[in-house]
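K.L.:
This is query07.json (JSON, C-alpha atoms).
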[["chain", "number", "residue", "atom", "x", "y", "z"],
["A", 7, "MET", "CA", -8.76, -6.11, 3.74],
["A", 8, "ASN", "CA", -12.28, -6.93, 2.69],
["A", 9, "GLY", "CA", -14.98, -9.12, 4.14],
["A", 10, "SER", "CA", -15.88, -9.73, 7.77],
["A", 11, "ALA", "CA", -13.28, -10.64, 10.38],
["A", 12, "ALA", "CA", -14.62, -14.19, 10.47],
["A", 13, "GLU", "CA", -14.00, -14.52, 6.73],
["A", 14, "LEU", "CA", -10.35, -13.54, 7.11],
["A", 15, "GLY", "CA", -9.62, -16.90, 8.71],
["A", 16, "ALA", "CA", -6.90, -17.81, 11.14],
["A", 17, "LEU", "CA", -3.90, -15.53, 11.61],
["A", 18, "ARG", "CA", -0.67, -17.41, 12.27],
["A", 19, "VAL", "CA", 2.65, -16.05, 13.51],
["A", 20, "TYR", "CA", 5.12, -15.63, 10.66],
["A", 21, "PRO", "CA", 8.75, -14.87, 11.59],
["A", 22, "THR", "CA", 10.65, -12.71, 9.08],
["A", 23, "ALA", "CA", 14.33, -12.57, 8.21],
["A", 24, "ASP", "CA", 15.09, -9.35, 10.09],
["A", 25, "GLY", "CA", 13.68, -10.88, 13.28],
["A", 26, "SER", "CA", 10.49, -8.82, 13.29],
["A", 27, "PHE", "CA", 7.13, -10.40, 13.99],
["A", 28, "SER", "CA", 4.48, -10.78, 11.30],
["A", 29, "LEU", "CA", 1.36, -12.80, 10.56],
["A", 30, "HIS", "CA", 0.04, -15.08, 7.82],
["A", 31, "SER", "CA", -3.63, -14.93, 6.79],
["A", 32, "ASP", "CA", -5.20, -18.29, 6.02],
["A", 33, "HIS", "CA", -8.06, -16.60, 4.17],
["A", 34, "PHE", "CA", -5.80, -14.75, 1.73],
["A", 35, "GLY", "CA", -3.08, -17.41, 1.72],
["A", 36, "GLU", "CA", -0.46, -14.70, 2.17],
["A", 37, "ALA", "CA", 1.79, -13.24, 4.82],
["A", 38, "PHE", "CA", 1.39, -9.59, 5.80],
["A", 39, "HIS", "CA", 5.04, -8.93, 4.88],
["A", 40, "ASN", "CA", 7.70, -10.41, 2.66],
["A", 41, "SER", "CA", 10.26, -12.73, 4.18],
["A", 42, "ALA", "CA", 12.99, -10.05, 4.10],
["A", 43, "GLY", "CA", 11.42, -8.53, 7.17],
["A", 44, "ALA", "CA", 8.39, -6.60, 8.30],
["A", 45, "LEU", "CA", 10.43, -3.74, 9.72],
["A", 46, "ASN", "CA", 12.80, -3.59, 6.74],
["A", 47, "GLU", "CA", 9.85, -3.47, 4.37],
["A", 48, "ALA", "CA", 8.11, -0.67, 6.30],
["A", 49, "ARG", "CA", 11.25, 1.45, 6.35],
["A", 50, "ALA", "CA", 12.22, 0.86, 2.70],
["A", 51, "LYS", "CA", 8.80, 1.02, 1.03],
["A", 52, "PHE", "CA", 7.06, 3.62, 3.17],
["A", 53, "VAL", "CA", 9.49, 5.66, 5.27],
["A", 54, "GLN", "CA", 12.47, 6.30, 3.00],
["A", 55, "PRO", "CA", 10.60, 7.41, -0.14],
["A", 56, "ALA", "CA", 8.28, 9.59, 1.98],
["A", 57, "GLU", "CA", 11.20, 11.97, 2.63],
["A", 58, "LEU", "CA", 9.77, 12.96, 5.99],
["A", 59, "GLN", "CA", 12.32, 15.74, 6.42],
["A", 60, "ARG", "CA", 10.06, 17.70, 4.06],
["A", 61, "PHE", "CA", 7.68, 18.09, 7.01],
["A", 62, "SER", "CA", 9.32, 20.15, 9.72],
["A", 63, "GLY", "CA", 7.91, 22.22, 12.55],
["A", 64, "GLY", "CA", 5.13, 24.57, 11.53],
["A", 65, "THR", "CA", 3.96, 22.45, 8.61],
["A", 66, "GLU", "CA", 1.06, 19.99, 8.53],
["A", 67, "LEU", "CA", 1.33, 16.34, 7.56],
["A", 68, "LYS", "CA", -1.75, 14.35, 6.61],
["A", 69, "ILE", "CA", -1.34, 10.57, 6.33],
["A", 70, "LEU", "CA", -3.74, 7.85, 5.19],
["A", 71, "ASP", "CA", -2.79, 4.26, 6.07],
["A", 72, "VAL", "CA", -4.84, 1.91, 3.88],
["A", 73, "CYS", "CA", -4.84, -1.47, 5.64],
["A", 74, "LEU", "CA", -3.26, -0.66, 8.99],
["A", 75, "GLY", "CA", -2.66, -4.36, 9.66],
["A", 76, "LEU", "CA", -0.11, -4.86, 12.42],
["A", 77, "GLY", "CA", 0.72, -1.17, 12.45],
["A", 78, "TYR", "CA", 4.30, -1.37, 11.14],
["A", 79, "ASN", "CA", 3.97, 1.26, 8.41],
["A", 80, "THR", "CA", 2.34, 3.90, 10.57],
["A", 81, "ALA", "CA", 4.66, 3.18, 13.51],
["A", 82, "ALA", "CA", 7.78, 3.36, 11.33],
["A", 83, "VAL", "CA", 6.66, 6.67, 9.82],
["A", 84, "LEU", "CA", 5.80, 8.15, 13.22],
["A", 85, "GLU", "CA", 9.14, 7.00, 14.62],
["A", 86, "ALA", "CA", 11.02, 8.66, 11.76],
["A", 87, "LEU", "CA", 9.35, 12.07, 11.93],
["A", 88, "PRO", "CA", 11.71, 15.01, 12.55],
["A", 89, "THR", "CA", 12.16, 15.98, 16.20],
["A", 90, "ALA", "CA", 10.61, 19.36, 15.55],
["A", 91, "GLY", "CA", 7.89, 17.59, 13.70],
["A", 92, "PRO", "CA", 4.85, 18.82, 11.81],
["A", 93, "LYS", "CA", 1.29, 19.01, 13.01],
["A", 94, "LEU", "CA", 0.11, 15.46, 12.29],
["A", 95, "ARG", "CA", -3.32, 14.38, 11.12],
["A", 96, "TRP", "CA", -3.59, 10.63, 10.55],
["A", 97, "TRP", "CA", -6.34, 8.33, 9.33],
["A", 98, "GLY", "CA", -6.26, 4.54, 9.20],
["A", 99, "LEU", "CA", -8.48, 2.13, 7.27],
["A", 100, "GLU", "CA", -8.70, -1.48, 8.39],
["A", 101, "LEU", "CA", -11.32, -4.21, 8.65],
["A", 102, "ASP", "CA", -9.84, -6.61, 11.17],
["A", 103, "ARG", "CA", -8.73, -5.50, 14.64],
["A", 104, "ARG", "CA", -6.85, -8.72, 15.37],
["A", 105, "PRO", "CA", -3.50, -8.03, 13.62],
["A", 106, "LEU", "CA", -2.85, -4.89, 15.66],
["A", 107, "GLU", "CA", -4.09, -6.58, 18.82],
["A", 108, "GLN", "CA", -1.78, -9.55, 18.28],
["A", 109, "ALA", "CA", 1.18, -7.34, 17.41],
["A", 110, "LEU", "CA", 0.80, -5.32, 20.60],
["A", 111, "GLU", "CA", 0.83, -8.56, 22.61],
["A", 112, "GLN", "CA", 4.34, -9.33, 21.33],
["A", 113, "ALA", "CA", 7.22, -8.02, 23.42],
["A", 114, "SER", "CA", 9.46, -8.13, 20.32],
["A", 115, "PHE", "CA", 7.04, -5.80, 18.50],
["A", 116, "GLN", "CA", 6.72, -3.43, 21.44],
["A", 117, "SER", "CA", 10.49, -3.18, 21.77],
["A", 118, "LEU", "CA", 10.78, -1.65, 18.29],
["A", 119, "TRP", "CA", 8.98, 1.58, 19.13],
["A", 120, "SER", "CA", 9.31, 4.54, 21.46],
["A", 121, "ALA", "CA", 6.80, 5.03, 24.27],
["A", 122, "SER", "CA", 4.99, 7.80, 22.38],
["A", 123, "VAL", "CA", 4.52, 5.68, 19.24],
["A", 124, "LEU", "CA", 3.40, 2.66, 21.27],
["A", 125, "ALA", "CA", 0.89, 4.84, 23.08],
["A", 126, "LYS", "CA", -0.65, 5.87, 19.74],
["A", 127, "LEU", "CA", -0.93, 2.25, 18.57],
["A", 128, "GLU", "CA", -2.53, 1.28, 21.88],
["A", 129, "ALA", "CA", -4.96, 4.19, 21.58],
["A", 130, "ILE", "CA", -5.94, 2.99, 18.11],
["A", 131, "ARG", "CA", -6.54, -0.49, 19.52],
["A", 132, "ASP", "CA", -8.48, 0.66, 22.58],
["A", 133, "HIS", "CA", -10.31, 3.77, 21.39],
["A", 134, "GLY", "CA", -9.94, 3.98, 17.60],
["A", 135, "CYS", "CA", -8.25, 7.35, 17.89],
["A", 136, "TRP", "CA", -5.69, 9.49, 19.66],
["A", 137, "GLN", "CA", -5.68, 13.19, 20.41],
["A", 138, "LYS", "CA", -2.60, 15.21, 21.37],
["A", 139, "PRO", "CA", -1.91, 18.96, 21.17],
["A", 140, "ASN", "CA", -0.04, 18.61, 17.88],
["A", 141, "SER", "CA", -1.15, 15.17, 16.75],
["A", 142, "GLN", "CA", -4.48, 13.55, 15.95],
["A", 143, "GLY", "CA", -5.32, 10.07, 14.70],
["A", 144, "ILE", "CA", -8.63, 8.52, 13.62],
["A", 145, "GLN", "CA", -8.99, 4.82, 12.86],
["A", 146, "LEU", "CA", -11.96, 3.76, 10.72],
["A", 147, "TRP", "CA", -12.83, 0.07, 11.11],
["A", 148, "GLY", "CA", -14.63, -1.52, 8.17],
["A", 149, "ASP", "CA", -14.44, -2.00, 4.40],
["A", 150, "ALA", "CA", -11.86, 0.53, 3.19],
["A", 151, "ARG", "CA", -13.93, 1.32, 0.10],
["A", 152, "SER", "CA", -16.78, 2.75, 2.15],
["A", 153, "MET", "CA", -14.65, 3.99, 5.05],
["A", 154, "LEU", "CA", -12.65, 6.25, 2.73],
["A", 155, "GLN", "CA", -15.87, 8.16, 2.11],
["A", 156, "GLU", "CA", -16.16, 8.87, 5.84],
["A", 157, "ILE", "CA", -13.08, 11.12, 5.69],
["A", 158, "PRO", "CA", -14.10, 14.71, 4.91],
["A", 159, "GLU", "CA", -13.79, 15.27, 1.16],
["A", 160, "PRO", "CA", -11.64, 18.43, 1.37],
["A", 161, "VAL", "CA", -8.84, 16.49, 3.14],
["A", 162, "ARG", "CA", -5.82, 15.98, 0.87],
["A", 163, "PHE", "CA", -3.15, 13.51, 1.95],
["A", 164, "ASP", "CA", 0.58, 14.11, 1.84],
["A", 165, "LEU", "CA", 1.19, 10.36, 2.20],
["A", 166, "VAL", "CA", -0.98, 7.39, 1.29],
["A", 167, "LEU", "CA", 0.43, 4.10, 2.55],
["A", 168, "LEU", "CA", -1.28, 1.37, 0.51],
["A", 169, "ASP", "CA", -0.58, -2.08, 1.92],
["A", 170, "ALA", "CA", -3.53, -4.34, 1.13],
["A", 171, "PHE", "CA", -3.05, -8.02, 0.34],
["A", 172, "SER", "CA", -1.96, -8.66, -3.24],
["A", 173, "PRO", "CA", -4.23, -7.62, -6.13],
["A", 174, "GLN", "CA", -5.05, -11.20, -7.12],
["A", 175, "ARG", "CA", -6.12, -11.99, -3.54],
["A", 176, "CYS", "CA", -7.79, -8.69, -2.61],
["A", 177, "PRO", "CA", -8.71, -6.94, -5.89],
["A", 178, "GLU", "CA", -11.34, -4.80, -4.14],
["A", 179, "LEU", "CA", -8.61, -2.46, -2.87],
["A", 180, "TRP", "CA", -6.70, -2.30, -6.15],
["A", 181, "SER", "CA", -9.57, -1.45, -8.47],
["A", 182, "GLU", "CA", -9.51, 1.38, -10.99],
["A", 183, "GLU", "CA", -12.20, 3.10, -8.96],
["A", 184, "PHE", "CA", -10.60, 2.79, -5.51],
["A", 185, "LEU", "CA", -7.16, 3.80, -6.79],
["A", 186, "GLY", "CA", -8.75, 6.72, -8.61],
["A", 187, "ALA", "CA", -10.40, 7.82, -5.38],
["A", 188, "LEU", "CA", -7.05, 7.68, -3.58],
["A", 189, "ALA", "CA", -5.39, 9.65, -6.38],
["A", 190, "GLN", "CA", -8.04, 12.38, -6.09],
["A", 191, "ARG", "CA", -7.25, 12.68, -2.38],
["A", 192, "LEU", "CA", -3.52, 13.34, -2.86],
["A", 193, "ALA", "CA", -2.14, 16.77, -1.98],
["A", 194, "PRO", "CA", -0.26, 18.61, -4.76],
["A", 195, "GLN", "CA", 3.07, 17.22, -3.48],
["A", 196, "GLY", "CA", 1.51, 14.03, -2.12],
["A", 197, "ARG", "CA", 2.95, 10.54, -2.56],
["A", 198, "LEU", "CA", 1.15, 7.22, -2.76],
["A", 199, "LEU", "CA", 3.46, 4.38, -1.70],
["A", 200, "THR", "CA", 2.89, 0.66, -2.13],
["A", 201, "TYR", "CA", 4.86, -2.55, -2.33],
["A", 202, "SER", "CA", 2.85, -3.55, -5.43],
["A", 203, "ARG", "CA", 4.47, -3.57, -8.87],
["A", 204, "SER", "CA", 1.30, -4.81, -10.59],
["A", 205, "ALA", "CA", 0.81, -3.47, -14.10],
["A", 206, "ALA", "CA", -2.93, -3.22, -13.45],
["A", 207, "VAL", "CA", -2.31, -1.06, -10.39],
["A", 208, "ARG", "CA", 0.28, 1.12, -12.10],
["A", 209, "ALA", "CA", -1.86, 1.59, -15.22],
["A", 210, "SER", "CA", -4.84, 2.63, -13.08],
["A", 211, "LEU", "CA", -2.72, 5.14, -11.16],
["A", 212, "LYS", "CA", -1.37, 6.51, -14.43],
["A", 213, "ARG", "CA", -4.88, 6.93, -15.85],
["A", 214, "ALA", "CA", -5.75, 8.76, -12.64],
["A", 215, "GLY", "CA", -3.17, 11.39, -13.62],
["A", 216, "LEU", "CA", -0.26, 10.28, -11.46],
["A", 217, "SER", "CA", 3.41, 9.92, -12.38],
["A", 218, "LEU", "CA", 4.98, 6.55, -11.60],
["A", 219, "TYR", "CA", 8.29, 5.60, -10.01],
["A", 220, "SER", "CA", 9.78, 2.26, -9.00],
["A", 221, "LEU", "CA", 10.70, 1.61, -5.37],
["A", 222, "LEU", "CA", 14.09, 0.14, -4.51],
["A", 223, "PRO", "CA", 14.28, -3.25, -2.76],
["A", 224, "ALA", "CA", 14.36, -3.48, 1.01],
["A", 225, "PRO", "CA", 17.48, -4.84, 2.72],
["A", 226, "GLY", "CA", 17.40, -8.61, 2.42],
["A", 227, "GLU", "CA", 14.71, -8.59, -0.25],
["A", 228, "ARG", "CA", 15.37, -10.68, -3.33],
["A", 229, "VAL", "CA", 16.16, -8.21, -6.10],
["A", 230, "GLY", "CA", 13.76, -8.53, -9.01],
["A", 231, "TRP", "CA", 12.71, -6.41, -11.96],
["A", 232, "SER", "CA", 10.73, -4.14, -9.63],
["A", 233, "SER", "CA", 10.08, -3.79, -5.90],
["A", 234, "GLY", "CA", 7.10, -1.48, -5.54],
["A", 235, "THR", "CA", 5.57, 1.77, -6.70],
["A", 236, "MET", "CA", 5.53, 5.45, -5.80],
["A", 237, "ALA", "CA", 2.92, 7.61, -7.51],
["A", 238, "THR", "CA", 2.68, 11.41, -7.37],
["A", 239, "PRO", "CA", 0.56, 14.09, -9.02],
["A", 240, "ALA", "CA", 1.95, 14.78, -12.50],
["A", 241, "ASP", "CA", 2.87, 18.38, -11.65],
["A", 242, "ALA", "CA", 4.61, 17.51, -8.36],
["A", 243, "ALA", "CA", 8.02, 17.85, -10.07],
["A", 244, "CYS", "CA", 9.40, 14.83, -8.23],
["A", 245, "PRO", "CA", 12.98, 13.84, -9.25],
["A", 246, "LEU", "CA", 13.22, 10.76, -11.47],
["A", 247, "ASP", "CA", 15.57, 9.17, -8.95],
["A", 248, "GLY", "CA", 15.63, 9.77, -5.21],
["A", 249, "PRO", "CA", 16.03, 8.14, -1.80],
["A", 250, "GLY", "CA", 14.22, 4.84, -2.11],
["A", 251, "TRP", "CA", 13.01, 5.15, -5.70],
["A", 252, "ARG", "CA", 14.11, 5.32, -9.34],
["A", 253, "GLN", "CA", 12.45, 6.00, -12.66],
["A", 254, "LEU", "CA", 10.59, 3.14, -14.35],
["A", 255, "SER", "CA", 12.79, 0.96, -16.53],
["A", 256, "ALA", "CA", 11.98, 0.22, -20.16],
["A", 257, "MET", "CA", 10.87, -3.24, -19.04],
["A", 258, "GLU", "CA", 8.45, -1.75, -16.52],
["A", 259, "ARG", "CA", 7.05, 0.73, -19.04],
["A", 260, "GLU", "CA", 6.42, -2.06, -21.54],
["A", 261, "HIS", "CA", 4.71, -4.07, -18.80],
["A", 262, "LEU", "CA", 1.99, -1.41, -18.87],
["A", 263, "GLN", "CA", 1.18, -2.39, -22.48],
["A", 264, "THR", "CA", 0.51, -6.06, -21.71],
["A", 265, "ARG", "CA", -2.61, -7.93, -20.65],
["A", 266, "ALA", "CA", -1.40, -7.64, -17.06],
["A", 267, "ALA", "CA", -2.29, -3.94, -17.25],
["A", 268, "VAL", "CA", -6.02, -4.58, -17.68],
["A", 269, "PRO", "CA", -7.51, -3.02, -14.54],
["A", 270, "PHE", "CA", -9.56, -4.49, -11.75],
["A", 271, "ARG", "CA", -13.00, -2.89, -12.08],
["A", 272, "ASP", "CA", -15.47, -2.26, -9.25],
["A", 273, "LEU", "CA", -17.86, 0.38, -10.56],
["A", 274, "GLN", "CA", -20.19, 0.51, -7.54],
["A", 275, "GLY", "CA", -17.51, -0.10, -4.92],
["A", 276, "ASN", "CA", -19.22, -3.20, -3.54],
["A", 277, "SER", "CA", -18.25, -6.09, -5.84],
["A", 278, "THR", "CA", -16.87, -9.33, -4.45],
["A", 279, "ALA", "CA", -13.33, -10.39, -5.22],
["A", 280, "GLU", "CA", -14.66, -13.22, -7.38],
["A", 281, "ASP", "CA", -16.76, -10.88, -9.50],
["A", 282, "ILE", "CA", -13.89, -8.42, -9.98],
["A", 283, "LEU", "CA", -11.48, -11.17, -11.02],
["A", 284, "GLU", "CA", -13.95, -12.73, -13.45],
["A", 285, "ARG", "CA", -14.74, -9.35, -14.99],
["A", 286, "ARG", "CA", -11.03, -8.75, -15.51],
["A", 287, "ARG", "CA", -10.45, -12.21, -16.98],
["A", 288, "LEU", "CA", -13.12, -11.63, -19.61],
["A", 289, "GLU", "CA", -11.73, -8.19, -20.45],
["A", 290, "GLN", "CA", -8.21, -9.62, -20.81],
["A", 291, "GLU", "CA", -9.49, -12.17, -23.33],
["A", 292, "HIS", "CA", -10.63, -9.38, -25.67],
["A", 293, "CYS", "CA", -8.22, -6.54, -24.92],
["A", 294, "GLY", "CA", -5.78, -7.05, -27.81],
["A", 295, "TYR", "CA", -2.74, -6.32, -25.61],
["A", 296, "GLU", "CA", 0.49, -8.30, -25.77],
["A", 297, "PRO", "CA", 0.32, -11.50, -23.68],
["A", 298, "THR", "CA", 2.25, -10.94, -20.47],
["A", 299, "ASN", "CA", 4.20, -14.19, -20.86],
["A", 300, "ALA", "CA", 5.45, -12.95, -24.25],
["A", 301, "TRP", "CA", 6.72, -9.79, -22.53],
["A", 302, "GLN", "CA", 8.47, -11.95, -19.94],
["A", 303, "ARG", "CA", 10.08, -14.18, -22.57],
["A", 304, "ARG", "CA", 11.24, -11.20, -24.60],
["A", 305, "TRP", "CA", 12.94, -9.55, -21.65],
["A", 306, "ARG", "CA", 14.40, -12.82, -20.44],
["A", 307, "ARG", "CA", 15.88, -13.39, -23.91],
["A", 308, "ASP", "CA", 17.28, -9.87, -24.12],
["A", 309, "SER", "CA", 18.70, -9.78, -20.59],
["A", 310, "PRO", "CA", 22.46, -10.30, -20.26],
["A", 311, "SER", "CA", 23.31, -13.76, -18.96]]
Would you give me this structure, written as structure tokens?
P.N.:
Amino acid sequence: MNGSAAELGALRVYPTADGSFSLHSDHFGEAFHNSAGALNEARAKFVQPAELQRFSGGTELKILDVCLGLGYNTAAVLEALPTAGPKLRWWGLELDRRPLEQALEQASFQSLWSASVLAKLEAIRDHGCWQKPNSQGIQLWGDARSMLQEIPEPVRFDLVLLDAFSPQRCPELWSEEFLGALAQRLAPQGRLLTYSRSAAVRASLKRAGLSLYSLLPAPGERVGWSSGTMATPADAACPLDGPGWRQLSAMEREHLQTRAAVPFRDLQGNSTAEDILERRRLEQEHCGYEPTNAWQRRWRRDSPS
């Protein structure tokens, strides 16, 4: 999220189809999760494609949660770690403390997690960190663009969970520059996971040297032409198809050649959403790429009825 907490507006309870609790932001005009379910989304988009069994005892797992929000993604990952788990180092980026605070007030939310995971979420809320013999977490409150720079530069993340509001509503956290900074922080076998299927986001990640994959839909999610993105370093040798992901379709690859692929630009890392969107609109007018609606019509015409 970007802006001050006051600018984020009211947060209203938003029930989801799997029964899990979520919130709707008046400022962004969006819910924190899709209607299929907050828990379903966290498990399908962030846990399953992470392949956490790769990190067993004796290994180290470094996680960056960009936009902690209510805490679902981090909690679901922590809950799914192998019993003989790795040494965990976790960082969270978030502007507004209220979503986590409100989630932890809900008995239905608390009932989803084990005592050890709940204790970590409560420690984030109360102290901004947790410290255990084999597990450490540091929460950085503030604008994610500047807070990312507070994490020591040598740190390379095995998992980046990117769950900001949609690019059209919060372009600051989907810019070419911010995504490039995240890509640079990935470990050699690292994975960046996000619900976004935006061509602008995917094209920026590709220019940052990452290979792209398409996430599979969550249970109960309306099946569309794409359901999210996994990005890995090009030499990570990740299979084209795996648990929770598949290779990009021809339709998705062509999407990256349309005007929708023009990036969000934020050269100094401090532009407003309005400035970023206007800059992109002007660039789209002169980019010479195929209009995105022509791409849509072409694929709609060619799709079997």
K.L.:
Which one is closest to A:Ser204: A:Val268, A:Ala256, A:Leu154, A:Leu127? Count all atoms listed in the file.
P.N.:
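Closest candidate: A:Val268.
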K.L.:
Can you tell me, as a ChimeraX atom specification, what residues are no more than 10 Å from stretch 73-86 of chain A when counting all atoms listed in the file, ignoring any on the same chain fewer than 6 positions away?
P.N.:
/A:7-8,26-29,38-39,44-49,51-54,56-59,94,96-110,115,118-120,122-124,126-127,130,145-147,149-150,167-171,179
K.L.:
Nearest residue to A:Ala205 out of A:Glu258, A:Glu183, A:Glu227, A:Glu178, using all atoms listed in the file?
P.N.:
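Ranked by minimum distance to A:Ala205, first place goes to A:Glu258.
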K.L.:
Report the distance between atom CA of A:Glu289 and atom CA of A:Pro269 in Å, rounded to one decimal place.
P.N.:
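It comes out at 8.9 Å.
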K.L.:
Using only C-alpha atoms, which residue out of A:Arg60, A:Arg213, A:Ser114, A:Arg208 lies closest to A:Gln195?
P.N.:
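Comparing A:Arg60, A:Arg213, A:Ser114, A:Arg208 against A:Gln195, the winner is A:Arg60.
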K.L.:
So the first atom is atom CA of A:Pro158 and the second is atom CA of A:Arg191; what is the distance between them in Å, to one decimal place?
P.N.:
10.2 Å
K.L.:
So, counting all atoms listed in the file, which residue among A:Asn276, A:Arg265, A:Arg18, A:Ser172 is closest to A:Leu288?
P.N.:
A:Arg265
K.L.:
Tell me which of A:Val207, A:Leu221, A:Val19, A:Cys135 sits closest to A:Ser255, counting only C-alpha atoms.
P.N.:
A:Leu221
K.L.:
Record the distance separating atom CA of A:Trp251 and atom CA of A:Gly215, expressed in Å with one decimal.
P.N.:
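Those two atoms sit 19.1 Å apart.
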K.L.:
Excluding A:Ser233 and its own-chain neighbours fewer than 2 positions away, which residues fall within 7 Å of it when counting all atoms listed in the file? Please give them as JSON, numbers by chain.
P.N.:
{"A": [201, 203, 220, 221, 222, 223, 230]}
K.L.:
Pick the closest to A:Met257 from A:Pro245, A:Glu284, A:Gln290, A:Arg304: which is it, counting all atoms listed in the file?
P.N.:
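Answer, going by the shortest atom-to-atom distance: A:Arg304.
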K.L.:
Would you pick out the contacts of A:Gln302 at 12 Å or less, using only C-alpha atoms, so that residues sharing its chain but fewer than 3 positions from it are not included, and give the list as a PyMOL selection string?
P.N.:
chain A and resi 231+257-258+260-261+264-266+296-299+305-309
K.L.:
Just the residues within 6 Å of stretch 31-36 of chain A, please, counting all atoms listed in the file, with nothing from its chain fewer than 3 positions along; format it as a list in words.
P.N.:
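Answer for this query is Leu14, Gly15, Ala16, Leu17 and Arg175 of chain A.
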K.L.:
Place N, CA and C atoms on stretch 228-240 of chain A and deliver the coordinates as a CSV table (one decimal), in the frame of the given file.
P.N.:
chain,number,residue,atom,x,y,z
A,228,ARG,N,14.8,-10.2,-2.1
A,228,ARG,CA,15.4,-10.7,-3.3
A,228,ARG,C,15.2,-9.6,-4.4
A,229,VAL,N,16.2,-9.3,-5.1
A,229,VAL,CA,16.2,-8.2,-6.1
A,229,VAL,C,15.5,-8.8,-7.4
A,230,GLY,N,14.4,-8.1,-7.8
A,230,GLY,CA,13.8,-8.5,-9.0
A,230,GLY,C,13.7,-7.4,-10.0
A,231,TRP,N,12.8,-7.5,-10.9
A,231,TRP,CA,12.7,-6.4,-12.0
A,231,TRP,C,12.0,-5.2,-11.4
A,232,SER,N,11.3,-5.3,-10.3
A,232,SER,CA,10.7,-4.1,-9.6
A,232,SER,C,10.4,-4.5,-8.2
A,233,SER,N,10.3,-3.5,-7.3
A,233,SER,CA,10.1,-3.8,-5.9
A,233,SER,C,9.0,-3.0,-5.3
A,234,GLY,N,8.2,-2.3,-6.1
A,234,GLY,CA,7.1,-1.5,-5.5
A,234,GLY,C,6.9,-0.2,-6.3
A,235,THR,N,6.0,0.6,-5.9
A,235,THR,CA,5.6,1.8,-6.7
A,235,THR,C,5.4,3.0,-5.8
A,236,MET,N,5.9,4.1,-6.3
A,236,MET,CA,5.5,5.4,-5.8
A,236,MET,C,4.8,6.2,-6.9
A,237,ALA,N,3.7,6.8,-6.5
A,237,ALA,CA,2.9,7.6,-7.5
A,237,ALA,C,2.7,9.0,-7.0
A,238,THR,N,2.8,10.0,-7.8
A,238,THR,CA,2.7,11.4,-7.4
A,238,THR,C,1.9,12.2,-8.4
A,239,PRO,N,1.2,13.3,-8.0
A,239,PRO,CA,0.6,14.1,-9.0
A,239,PRO,C,1.5,14.5,-10.1
A,240,ALA,N,1.1,14.6,-11.3
A,240,ALA,CA,2.0,14.8,-12.5
A,240,ALA,C,2.7,16.1,-12.4
